[in-house]
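Asks: First, the structure itself, so that you have it in front of you.
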Amino acid sequence: MSNTRVDKILGSRRFSNYWWASTILIGSLGFLIVGISSYFKYTFISLIKNENILFLPQGIIMTFYGTIGILISLFLWYTIILNIGSGYNEFNNDKGTITIFRLGFPGKNRILRLNYKISEISCIKLVIEEGFSTKREIYLKMKDKREIPLTKVGQPLALSEIEEKAINIATFLGVNVEGIEKI
């Protein structure tokens with residue numbers, strides 16, 4: 001049996017991010033084209049009827065919305081290309097270490113690499129909050145009371161899946177799980 005466990009973390013390259021970046025870009029281009037068409041009083045795309053739109057005030061507002069939307073879309077595509085938030089959690093029983101690795105935005109802090117000793121861990125903490133903003137997260141709880149998140153941000157995992165993952169990590173590291181009630 002291997003004494004090393006690596007959990008991959010999915011970053012910005014998720015279907016939902018591709019969907020929203022594309023949808024916002026297409027919609028924003030439509031707004032921008034209508035706004036510019038109203039300024040020049042010329043129909044650039046025959047599918048978009050804009051003869052009833054005056055540049056002031058509708059056209060300028062549509063140009064503004066289109067420009068802002070394109071900027072938001074470019075930011076989303078930028079995070080997808082750089083795969084912001086991706087990385088891995090490595091648990092190594094042979095060395096007695098845990099490595100948490102994540103990619104961030106370019107700069108001196110682009111790479112986040114945190115190393116901890118397994119002996120510093122008090123337990124694996126599971127946080128489950130249901131409601132409007134569902135929260136299902138796994139934390140490394142250190143003996144000095146720090147809590148380091150291990151799960152990705154985004155779509156919450158199924159209850160059984162996150163409980164099983166927390167138990168597997170705790171069993172692998174030889175620590176208890178906090179936050180799961182046994183019936």
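Labels used: A, B, ... for chains in the order of the structure tokens, numbers from 1 for residues in each chain, and numbers from 1 for ligands as shown.
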Residues at most 7 Å from range 37-42 of chain A, counting only C-alpha atoms, excluding those fewer than 4 positions away in the same chain, as a list in words?
Replies: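 What passes the distance filter is Ile33, Asn50, Ile53, Leu54, Phe55 and Gly59 of chain A.
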Asks: Residues as selected, all heavy atoms, written as a PDB file, in the first residue's frame, can you do that?
Replies:
ATOM      1  N   ILE A  33     -22.560  45.943 -30.352  1.00  0.00           N
ATOM      2  CA  ILE A  33     -22.879  46.140 -31.773  1.00  0.00           C
ATOM      3  C   ILE A  33     -24.114  47.022 -31.937  1.00  0.00           C
ATOM      4  O   ILE A  33     -24.140  47.924 -32.779  1.00  0.00           O
ATOM      5  CB  ILE A  33     -23.053  44.782 -32.495  1.00  0.00           C
ATOM      6  CG1 ILE A  33     -21.692  44.091 -32.602  1.00  0.00           C
ATOM      7  CG2 ILE A  33     -23.692  44.951 -33.861  1.00  0.00           C
ATOM      8  CD1 ILE A  33     -21.748  42.647 -33.044  1.00  0.00           C
ATOM      9  N   ASN A  50     -32.065  47.717 -35.248  1.00  0.00           N
ATOM     10  CA  ASN A  50     -31.728  48.813 -34.333  1.00  0.00           C
ATOM     11  C   ASN A  50     -32.173  50.180 -34.864  1.00  0.00           C
ATOM     12  O   ASN A  50     -31.715  51.196 -34.374  1.00  0.00           O
ATOM     13  CB  ASN A  50     -30.222  48.824 -34.054  1.00  0.00           C
ATOM     14  CG  ASN A  50     -29.409  49.072 -35.306  1.00  0.00           C
ATOM     15  OD1 ASN A  50     -29.845  48.733 -36.403  1.00  0.00           O
ATOM     16  ND2 ASN A  50     -28.247  49.655 -35.152  1.00  0.00           N
ATOM     17  N   ILE A  53     -33.572  52.678 -32.189  1.00  0.00           N
ATOM     18  CA  ILE A  53     -32.740  52.987 -31.020  1.00  0.00           C
ATOM     19  C   ILE A  53     -31.937  54.257 -31.293  1.00  0.00           C
ATOM     20  O   ILE A  53     -31.172  54.341 -32.263  1.00  0.00           O
ATOM     21  CB  ILE A  53     -31.804  51.810 -30.693  1.00  0.00           C
ATOM     22  CG1 ILE A  53     -32.630  50.586 -30.282  1.00  0.00           C
ATOM     23  CG2 ILE A  53     -30.833  52.187 -29.582  1.00  0.00           C
ATOM     24  CD1 ILE A  53     -31.834  49.361 -29.985  1.00  0.00           C
ATOM     25  N   LEU A  54     -32.123  55.246 -30.441  1.00  0.00           N
ATOM     26  CA  LEU A  54     -31.350  56.486 -30.533  1.00  0.00           C
ATOM     27  C   LEU A  54     -30.048  56.314 -29.761  1.00  0.00           C
ATOM     28  O   LEU A  54     -30.010  55.613 -28.749  1.00  0.00           O
ATOM     29  CB  LEU A  54     -32.151  57.648 -29.935  1.00  0.00           C
ATOM     30  CG  LEU A  54     -33.501  57.937 -30.575  1.00  0.00           C
ATOM     31  CD1 LEU A  54     -34.254  58.974 -29.761  1.00  0.00           C
ATOM     32  CD2 LEU A  54     -33.314  58.409 -32.006  1.00  0.00           C
ATOM     33  N   PHE A  55     -28.994  56.982 -30.250  1.00  0.00           N
ATOM     34  CA  PHE A  55     -27.721  56.840 -29.543  1.00  0.00           C
ATOM     35  C   PHE A  55     -27.807  57.415 -28.138  1.00  0.00           C
ATOM     36  O   PHE A  55     -27.252  56.843 -27.206  1.00  0.00           O
ATOM     37  CB  PHE A  55     -26.573  57.495 -30.329  1.00  0.00           C
ATOM     38  CG  PHE A  55     -25.244  57.291 -29.670  1.00  0.00           C
ATOM     39  CD1 PHE A  55     -24.675  56.031 -29.590  1.00  0.00           C
ATOM     40  CD2 PHE A  55     -24.566  58.356 -29.103  1.00  0.00           C
ATOM     41  CE1 PHE A  55     -23.460  55.824 -28.961  1.00  0.00           C
ATOM     42  CE2 PHE A  55     -23.341  58.160 -28.471  1.00  0.00           C
ATOM     43  CZ  PHE A  55     -22.782  56.894 -28.402  1.00  0.00           C
ATOM     44  N   GLY A  59     -28.486  53.988 -26.928  1.00  0.00           N
ATOM     45  CA  GLY A  59     -27.275  53.493 -27.590  1.00  0.00           C
ATOM     46  C   GLY A  59     -26.048  53.605 -26.715  1.00  0.00           C
ATOM     47  O   GLY A  59     -25.219  52.685 -26.657  1.00  0.00           O
TER      48      GLY A  59
END
Asks: Would you tabulate, counting only C-alpha atoms, all residues of range 35-137 of chain A that have an atom at most 10 Å from an atom of range 155-174 of chain A, showing the closest pair of atoms and their distance in Å to one decimal, sorted by chain then ascending number, as a Markdown table?
Replies:
| residue | atom | partner | partner_atom | distance |
| --- | --- | --- | --- | --- |
| A:Phe91 | CA | A:Leu173 | CA | 7.7 |
| A:Asn92 | CA | A:Leu173 | CA | 8.7 |
| A:Asn93 | CA | A:Leu173 | CA | 7.1 |
| A:Gly96 | CA | A:Leu173 | CA | 9.0 |
| A:Thr97 | CA | A:Leu173 | CA | 9.9 |
| A:Ile98 | CA | A:Leu173 | CA | 9.6 |
| A:Ile118 | CA | A:Leu173 | CA | 7.1 |
| A:Ser119 | CA | A:Leu173 | CA | 9.4 |
| A:Ile121 | CA | A:Leu173 | CA | 9.0 |
| A:Cys123 | CA | A:Ala170 | CA | 7.2 |
| A:Ile124 | CA | A:Ala170 | CA | 5.9 |
| A:Lys125 | CA | A:Ala166 | CA | 7.8 |
| A:Leu126 | CA | A:Ala166 | CA | 6.9 |
| A:Val127 | CA | A:Ile162 | CA | 9.7 |
| A:Ile128 | CA | A:Leu159 | CA | 8.3 |
| A:Ser133 | CA | A:Pro156 | CA | 9.9 |
| A:Thr134 | CA | A:Pro156 | CA | 7.1 |
| A:Lys135 | CA | A:Pro156 | CA | 6.7 |
| A:Arg136 | CA | A:Pro156 | CA | 5.8 |
| A:Glu137 | CA | A:Ile162 | CA | 7.7 |
Asks: Hey, can you spit out that residue selection with N, CA, C and O atoms as a compact mmCIF listing (two decimals), in the first residue's frame?
Replies:
# COMPACT_ATOMS: atom_id res chain seq x y z
N PHE A 91 -0.58 14.10 0.84
CA PHE A 91 -0.40 13.59 2.19
C PHE A 91 0.65 12.49 2.11
O PHE A 91 0.43 11.47 1.46
N ASN A 92 1.80 12.69 2.75
CA ASN A 92 2.91 11.75 2.66
C ASN A 92 3.23 11.21 4.05
O ASN A 92 3.86 11.90 4.86
N ASN A 93 2.82 9.96 4.32
CA ASN A 93 3.08 9.35 5.62
C ASN A 93 4.54 8.98 5.80
O ASN A 93 5.02 8.92 6.93
N GLY A 96 6.02 12.22 6.67
CA GLY A 96 5.27 12.85 7.74
C GLY A 96 4.88 14.28 7.42
O GLY A 96 4.81 15.13 8.30
N THR A 97 4.60 14.54 6.11
CA THR A 97 4.29 15.91 5.69
C THR A 97 2.99 15.97 4.89
O THR A 97 2.55 14.99 4.31
N ILE A 98 2.43 17.16 4.89
CA ILE A 98 1.28 17.48 4.05
C ILE A 98 1.66 18.69 3.23
O ILE A 98 2.16 19.68 3.78
N ILE A 118 2.51 16.17 9.73
CA ILE A 118 1.33 15.41 10.14
C ILE A 118 1.19 15.43 11.66
O ILE A 118 0.08 15.46 12.19
N SER A 119 2.30 15.48 12.37
CA SER A 119 2.26 15.50 13.84
C SER A 119 1.62 16.78 14.39
O SER A 119 1.22 16.81 15.55
N ILE A 121 -1.19 18.05 13.26
CA ILE A 121 -2.63 18.01 12.99
C ILE A 121 -3.35 17.42 14.20
O ILE A 121 -2.98 16.38 14.72
N CYS A 123 -6.98 17.10 14.02
CA CYS A 123 -8.05 16.31 13.41
C CYS A 123 -8.38 16.86 12.03
O CYS A 123 -7.86 17.88 11.60
N ILE A 124 -9.26 16.16 11.35
CA ILE A 124 -9.85 16.63 10.11
C ILE A 124 -11.23 17.16 10.48
O ILE A 124 -12.03 16.46 11.11
N LYS A 125 -11.51 18.41 10.12
CA LYS A 125 -12.78 19.04 10.48
C LYS A 125 -13.69 19.11 9.26
O LYS A 125 -13.27 19.53 8.19
N LEU A 126 -14.91 18.69 9.44
CA LEU A 126 -15.91 18.71 8.38
C LEU A 126 -16.95 19.76 8.73
O LEU A 126 -17.54 19.72 9.81
N VAL A 127 -17.16 20.74 7.85
CA VAL A 127 -18.14 21.80 8.08
C VAL A 127 -19.25 21.65 7.05
O VAL A 127 -18.99 21.69 5.84
N ILE A 128 -20.48 21.45 7.54
CA ILE A 128 -21.64 21.32 6.65
C ILE A 128 -22.69 22.31 7.12
O ILE A 128 -23.16 22.23 8.24
N SER A 133 -26.98 29.41 0.99
CA SER A 133 -25.59 29.31 0.56
C SER A 133 -24.99 28.06 1.20
O SER A 133 -24.39 28.11 2.27
N THR A 134 -25.16 26.92 0.53
CA THR A 134 -24.71 25.65 1.06
C THR A 134 -23.19 25.64 1.18
O THR A 134 -22.48 26.08 0.28
N LYS A 135 -22.72 25.14 2.31
CA LYS A 135 -21.28 25.08 2.57
C LYS A 135 -20.93 23.67 3.03
O LYS A 135 -21.47 23.19 4.03
N ARG A 136 -20.06 23.02 2.28
CA ARG A 136 -19.58 21.68 2.63
C ARG A 136 -18.08 21.67 2.40
O ARG A 136 -17.63 21.57 1.27
N GLU A 137 -17.33 21.76 3.49
CA GLU A 137 -15.88 21.91 3.38
C GLU A 137 -15.14 21.00 4.34
O GLU A 137 -15.65 20.68 5.42
Asks: Which residues are near range 103-106 of chain A? Cut-off 8 Å, only C-alpha atoms, ignore same chain within fewer than 5 positions. Put them as a list in words.
Replies: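 So, after excluding close chain neighbours, the residues are Thr79, Leu82, Asn83, Ile84, Gly85, Ser86, Gly87, Ile111 and Leu112 of chain A.
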Asks: Would you mind exporting N, CA and C atoms of the selected residues as a PDB file, in the first residue's frame?
Replies:
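Writing done, so here's again_24.pdb:
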ATOM      1  N   THR A  79      -8.892  33.878 -16.094  1.00  0.00           N
ATOM      2  CA  THR A  79      -8.802  32.932 -14.979  1.00  0.00           C
ATOM      3  C   THR A  79      -8.862  31.487 -15.478  1.00  0.00           C
ATOM      4  N   LEU A  82      -5.355  30.651 -17.048  1.00  0.00           N
ATOM      5  CA  LEU A  82      -4.334  30.472 -16.012  1.00  0.00           C
ATOM      6  C   LEU A  82      -4.691  29.364 -15.017  1.00  0.00           C
ATOM      7  N   ASN A  83      -5.915  28.841 -15.105  1.00  0.00           N
ATOM      8  CA  ASN A  83      -6.403  27.781 -14.225  1.00  0.00           C
ATOM      9  C   ASN A  83      -6.243  28.153 -12.743  1.00  0.00           C
ATOM     10  N   ILE A  84      -6.715  29.332 -12.408  1.00  0.00           N
ATOM     11  CA  ILE A  84      -6.614  29.853 -11.051  1.00  0.00           C
ATOM     12  C   ILE A  84      -7.318  28.914 -10.077  1.00  0.00           C
ATOM     13  N   GLY A  85      -6.679  28.629  -8.958  1.00  0.00           N
ATOM     14  CA  GLY A  85      -7.257  27.794  -7.911  1.00  0.00           C
ATOM     15  C   GLY A  85      -6.955  26.316  -8.045  1.00  0.00           C
ATOM     16  N   SER A  86      -6.357  25.899  -9.154  1.00  0.00           N
ATOM     17  CA  SER A  86      -6.063  24.479  -9.316  1.00  0.00           C
ATOM     18  C   SER A  86      -4.839  24.098  -8.486  1.00  0.00           C
ATOM     19  N   GLY A  87      -4.686  22.832  -8.255  1.00  0.00           N
ATOM     20  CA  GLY A  87      -3.530  22.355  -7.504  1.00  0.00           C
ATOM     21  C   GLY A  87      -3.770  20.961  -6.974  1.00  0.00           C
ATOM     22  N   ILE A 111       2.403  31.018  -7.091  1.00  0.00           N
ATOM     23  CA  ILE A 111       2.377  29.649  -6.583  1.00  0.00           C
ATOM     24  C   ILE A 111       2.271  29.677  -5.066  1.00  0.00           C
ATOM     25  N   LEU A 112       1.248  29.015  -4.562  1.00  0.00           N
ATOM     26  CA  LEU A 112       1.062  28.885  -3.119  1.00  0.00           C
ATOM     27  C   LEU A 112       1.388  27.446  -2.750  1.00  0.00           C
TER      28      LEU A 112
END
Asks: As a list in words, please: every residue in range 103-159 of chain A that a backbone DSSP assignment puts in helix (DSSP H, G or I).
Replies: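 The residues of range 103-159 of chain A classed as helix (DSSP H, G or I) are Ile118, Ser119, Glu120 and Leu159 of chain A.
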Asks: Quick one: residues within 7 Å of Thr63 in chain A, only C-alpha atoms counted, chain neighbours fewer than 5 positions away excluded, as a compact mmCIF listing (two decimals) with C-alpha atoms, in the first residue's frame?
Replies:
# COMPACT_ATOMS: atom_id res chain seq x y z
CA PHE A 31 -25.08 45.03 -26.79
CA LEU A 32 -21.90 46.66 -28.12
CA GLY A 35 -24.85 50.62 -29.38
CA ILE A 36 -22.29 51.28 -32.11
Asks: Once you count only C-alpha atoms, what closest atom pair and distance in Å to one decimal does each residue of range 77-175 of chain A within 12 Å of range 19-30 of chain A have, with rows by chain and rising residue number, as a Markdown table?
Replies:
| residue | atom | partner | partner_atom | distance |
| --- | --- | --- | --- | --- |
| A:Trp77 | CA | A:Ala21 | CA | 6.2 |
| A:Tyr78 | CA | A:Ala21 | CA | 9.7 |
| A:Thr79 | CA | A:Ala21 | CA | 10.1 |
| A:Ile80 | CA | A:Ala21 | CA | 9.0 |
| A:Ile81 | CA | A:Ala21 | CA | 11.5 |
Asks: Go ahead and compute the interatomic distance for CA of Lys49 in chain A and CA of Leu76 in chain A, in Å to one decimal.
Replies: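 So the answer is 29.2 Å.
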Asks: Show which residues sit within 7 Å of Asp7 in chain A, as a PyMOL selection string. Count only C-alpha atoms, and ignore same-chain residues fewer than 5 positions away.
Replies: chain A and resi 88-90
Asks: How about saving the chosen residues, all heavy atoms kept, as a PDB file, in the first residue's frame?
Replies:
ATOM      1  N   TYR A  88      -3.175  20.683  -5.814  1.00  0.00           N
ATOM      2  CA  TYR A  88      -3.317  19.363  -5.212  1.00  0.00           C
ATOM      3  C   TYR A  88      -3.046  19.440  -3.712  1.00  0.00           C
ATOM      4  O   TYR A  88      -2.457  20.396  -3.215  1.00  0.00           O
ATOM      5  CB  TYR A  88      -2.375  18.350  -5.867  1.00  0.00           C
ATOM      6  CG  TYR A  88      -0.909  18.699  -5.717  1.00  0.00           C
ATOM      7  CD1 TYR A  88      -0.185  18.296  -4.596  1.00  0.00           C
ATOM      8  CD2 TYR A  88      -0.240  19.421  -6.695  1.00  0.00           C
ATOM      9  CE1 TYR A  88       1.157  18.616  -4.458  1.00  0.00           C
ATOM     10  CE2 TYR A  88       1.099  19.743  -6.561  1.00  0.00           C
ATOM     11  CZ  TYR A  88       1.789  19.330  -5.445  1.00  0.00           C
ATOM     12  OH  TYR A  88       3.116  19.655  -5.300  1.00  0.00           O
ATOM     13  N   ASN A  89      -3.520  18.418  -3.010  1.00  0.00           N
ATOM     14  CA  ASN A  89      -3.201  18.196  -1.609  1.00  0.00           C
ATOM     15  C   ASN A  89      -2.437  16.876  -1.563  1.00  0.00           C
ATOM     16  O   ASN A  89      -2.964  15.855  -2.005  1.00  0.00           O
ATOM     17  CB  ASN A  89      -4.461  18.077  -0.744  1.00  0.00           C
ATOM     18  CG  ASN A  89      -5.331  19.310  -0.810  1.00  0.00           C
ATOM     19  OD1 ASN A  89      -4.834  20.416  -0.913  1.00  0.00           O
ATOM     20  ND2 ASN A  89      -6.633  19.114  -0.759  1.00  0.00           N
ATOM     21  N   GLU A  90      -1.215  16.908  -1.054  1.00  0.00           N
ATOM     22  CA  GLU A  90      -0.405  15.686  -0.967  1.00  0.00           C
ATOM     23  C   GLU A  90      -0.200  15.327   0.498  1.00  0.00           C
ATOM     24  O   GLU A  90       0.289  16.137   1.285  1.00  0.00           O
ATOM     25  CB  GLU A  90       0.948  15.884  -1.645  1.00  0.00           C
ATOM     26  CG  GLU A  90       1.824  14.651  -1.566  1.00  0.00           C
ATOM     27  CD  GLU A  90       3.205  14.886  -2.144  1.00  0.00           C
ATOM     28  OE1 GLU A  90       3.980  15.630  -1.512  1.00  0.00           O
ATOM     29  OE2 GLU A  90       3.487  14.331  -3.210  1.00  0.00           O
TER      30      GLU A  90
END
